[in-house]
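Remarks on the structure that follows.
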Amino acid sequence: MLTFDNISYTYHTKEGETTAVKDLSFNVAKGQFVSVIGPSGCGKTTILSLAAGLLSPSSGKVERGGEFAYMLQRDALFPWRTVEQNIFLPLEVKKCNTPQMREKALALAEKYGLKDFLKKTPSQLSGGMRQRVALIRTLAAEPEILMLDEPFSALDYQTRLEVCDDVQSIIKSEKKTALLITHDISEAIALSDKVVVLSTRPARVISEHIIDFGEGSPKKRRECGEFSAMFEVLRKELGI
Amino acid sequence: MKNLNYSREHIAYLKKQRNKKIIVNVSRVLVLVLILGIWELCAQLKVIDPFITSSPSRVAVTIAELYNNGTLFYHIGITLAETFAGFIIAVVLGYGIAVILWASDTVHKVIEPYIVVLNSLPKIALGPLIIIWIGTGYDAIIFMTVLVAIIVCIMNMLAGFIAVDKTKLLLMKSMGASKAVTLRKLIIPASFPVLINTLKVAVGLAWIGSIMGEYIVSKAGLGYLIVYGGQVFKLDLVMTATFILCVLAGGMYGIVTFIEKKINK
């Protein structure tokens, strides 16, 4: 669904050039939830931008098998729009604002418990609720791949666990492919089918781990014995 | 009291707040009465020369005279029209230019030094040029008003556009939004509070511009009355026009604040 094939990317500034990513290869299969973790400043956001096509690689090729949508660190809801209007934003921008698409988006919002909030403004919602609205907005234009850029980092710990569960179950039940960028090891293990570990800059792949223990929810997975073992493995690979 | 179940302490608190407000409002009026009173008294007792300083009663008489010969609202109307026209043109044009500068980084960089210089230039220095180029009609005064107010409109709005949350911009970009769509869906609504703020500043500047314009070239208006009054040593006229200006400027600011409150509700 999404393939990075020998990607390199170099930043150019007045001070000089920095190779952020070098010979990076990995792939995300259809319906898979893949996390990319790495030490801070290793160019994670660059990888997401490359994946989304916001940046084009200096060399190598990114193959995308479908439409994508981006979920950001902060919810970035527009305060002057109601929840409903926020959810419709991608439809308006992508010029697919048809009654059918609107209805589908609303059905999605209702399915995931936003029915009573549709006419409210974002400021009337809790942090967790806002992030849920952001996810529904991300899903509104029916993308096949979701790119998540540390979408939980702005939340407090309790809300974070809750939203983490929330987002994972919604993405799974909608059968979407997802690429999550994070620096949080436990989040990566709890959420994904596969974890890709990156080195320091210039980023390359150190290892890939398939995670298949713990049924269903991230909550259950965190309770598994394998969880802390995997955490240790990844921690060592990251050198923290 | 909306709620009779308030605790005694809360009722006392509300009462204190209300009393404070009353004291402030009454004091404001008292200060005005006091100033006018002392001014009048000093003039009556010849402590100061009312020929030079005028006095509240003489201002009142002058207003009545202007009203009786039918020129009071004529002069007020002309100055108001010039100020208002200049204000609207400056805001609309300034907003448009800010949009262009926002849309193109290169144009922004090219134009920036000119805006900075134009901003620091005392616009009155352009007076003779304006008269020669545009003439001595109302359009010259409106031009001066626009000139004084527009730079701040451009700079304020541009700063507002640029300050829009980067995360929201990235979101728009990730959805493949064009500049025009980003402008319409994000930049314009997000910078709305900046627009209101700009309107407030522009109102004040428009008054400066129109009166300055009337000083340089005019046949009517409050600025004209002030200059004319000064030339023929009719200081009652100068004081009267100044007083009317105070009332009008306060009123116009009040209208903008009122609109702001209405919108923010």
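Following the order of the structure tokens, chains are lettered A, B, ..., residues in each are numbered from 1, and ligands are numbered from 1.
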Neighbours of chain A in chain B at 7 Å, counting only C-alpha atoms, as a PyMOL selection string: chain B and resi 167-168+174-175+177+181
Take the selection from the previous step and output its residues with N, CA, C and O atoms, as a short mmCIF file (atom, residue, chain, number, x, y, z; two decimals), in the first residue's frame.
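As written to disk, out11.cif reads:
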```cif
data_model
loop_
_atom_site.label_atom_id
_atom_site.label_comp_id
_atom_site.auth_asym_id
_atom_site.auth_seq_id
_atom_site.Cartn_x
_atom_site.Cartn_y
_atom_site.Cartn_z
N THR B 167 0.21 24.67 12.30
CA THR B 167 -0.38 23.33 12.24
C THR B 167 -1.58 23.32 11.31
O THR B 167 -1.78 22.40 10.53
N LYS B 168 -2.39 24.38 11.40
CA LYS B 168 -3.59 24.46 10.55
C LYS B 168 -3.18 24.61 9.09
O LYS B 168 -3.81 24.04 8.19
N SER B 174 -1.74 19.42 3.57
CA SER B 174 -1.84 17.96 3.44
C SER B 174 -3.10 17.55 2.70
O SER B 174 -3.17 16.47 2.13
N MET B 175 -4.11 18.41 2.72
CA MET B 175 -5.34 18.10 1.99
C MET B 175 -5.24 18.56 0.53
O MET B 175 -6.19 18.45 -0.23
N ALA B 177 -4.80 21.72 -0.47
CA ALA B 177 -5.52 22.98 -0.70
C ALA B 177 -4.64 23.98 -1.46
O ALA B 177 -3.46 24.12 -1.17
N VAL B 181 -7.87 28.54 -1.81
CA VAL B 181 -8.73 27.82 -0.87
C VAL B 181 -8.25 28.05 0.56
O VAL B 181 -9.05 28.29 1.48
#
```
Surrounding residues of Thr198 of chain B excluding itself and chain neighbours under 5 positions, 9 Å, only C-alpha atoms, as a list in words: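 The filter keeps Val91, Val152, Cys153, Asn156, Met157, Pro193 and Val203 of chain B.
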In segment 68-237 of chain A, DSSP strand (DSSP E) residues written as a PyMOL selection string: chain A and resi 68-71+145-149+177-182+194-198+205-210
Pick from A:Ala140, A:Ile170, A:Val62, A:Leu50, whichever lies nearest to Asp5 of chain A using only C-alpha atoms: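 Smallest distance to Asp5 of chain A is found for A:Val62.
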Non-local contacts of segment 26-31 of chain A (7 Å; only C-alpha atoms; under 4 positions in same chain excluded) as an NGL selection string: :A and (1-5 or 175-177)
Residues just named, written with N, CA and C atoms as a PDB file, in the first residue's frame:
```pdb
ATOM      1  N   MET A   1       0.820  -1.205   0.000  1.00  0.00           N
ATOM      2  CA  MET A   1       0.000   0.000   0.000  1.00  0.00           C
ATOM      3  C   MET A   1       0.858   1.261   0.000  1.00  0.00           C
ATOM      4  N   LEU A   2       1.951   1.191   0.784  1.00  0.00           N
ATOM      5  CA  LEU A   2       2.880   2.308   0.842  1.00  0.00           C
ATOM      6  C   LEU A   2       4.295   1.746   0.904  1.00  0.00           C
ATOM      7  N   THR A   3       5.115   2.111  -0.055  1.00  0.00           N
ATOM      8  CA  THR A   3       6.470   1.557  -0.096  1.00  0.00           C
ATOM      9  C   THR A   3       7.512   2.665  -0.182  1.00  0.00           C
ATOM     10  N   PHE A   4       8.494   2.597   0.704  1.00  0.00           N
ATOM     11  CA  PHE A   4       9.658   3.478   0.630  1.00  0.00           C
ATOM     12  C   PHE A   4      10.780   2.662   0.012  1.00  0.00           C
ATOM     13  N   ASP A   5      11.291   3.103  -1.128  1.00  0.00           N
ATOM     14  CA  ASP A   5      12.304   2.330  -1.812  1.00  0.00           C
ATOM     15  C   ASP A   5      13.587   3.151  -1.919  1.00  0.00           C
ATOM     16  N   LYS A 175     -11.005  -0.463   8.745  1.00  0.00           N
ATOM     17  CA  LYS A 175     -10.080  -1.188   7.863  1.00  0.00           C
ATOM     18  C   LYS A 175      -9.166  -0.263   7.067  1.00  0.00           C
ATOM     19  N   LYS A 176      -8.586   0.720   7.772  1.00  0.00           N
ATOM     20  CA  LYS A 176      -7.684   1.653   7.098  1.00  0.00           C
ATOM     21  C   LYS A 176      -6.233   1.229   7.304  1.00  0.00           C
ATOM     22  N   THR A 177      -5.403   1.627   6.385  1.00  0.00           N
ATOM     23  CA  THR A 177      -3.973   1.440   6.520  1.00  0.00           C
ATOM     24  C   THR A 177      -3.439   2.671   7.257  1.00  0.00           C
TER      25      THR A 177
END
```
Atomic distance atom CA of Ile255 of chain B - atom CA of Val164 of chain B, expressed in Å with one decimal: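 The value is 27.4 Å.
For the pair atom CA of Ala203 of chain A and atom CA of Ser35 of chain A, the interatomic distance is 14.7 Å.
Candidate residues B:Met239, B:Met155, B:Asn69, B:Arg8 were compared for distance to Ala202 of chain B, and the nearest is B:Met155, using only C-alpha atoms.
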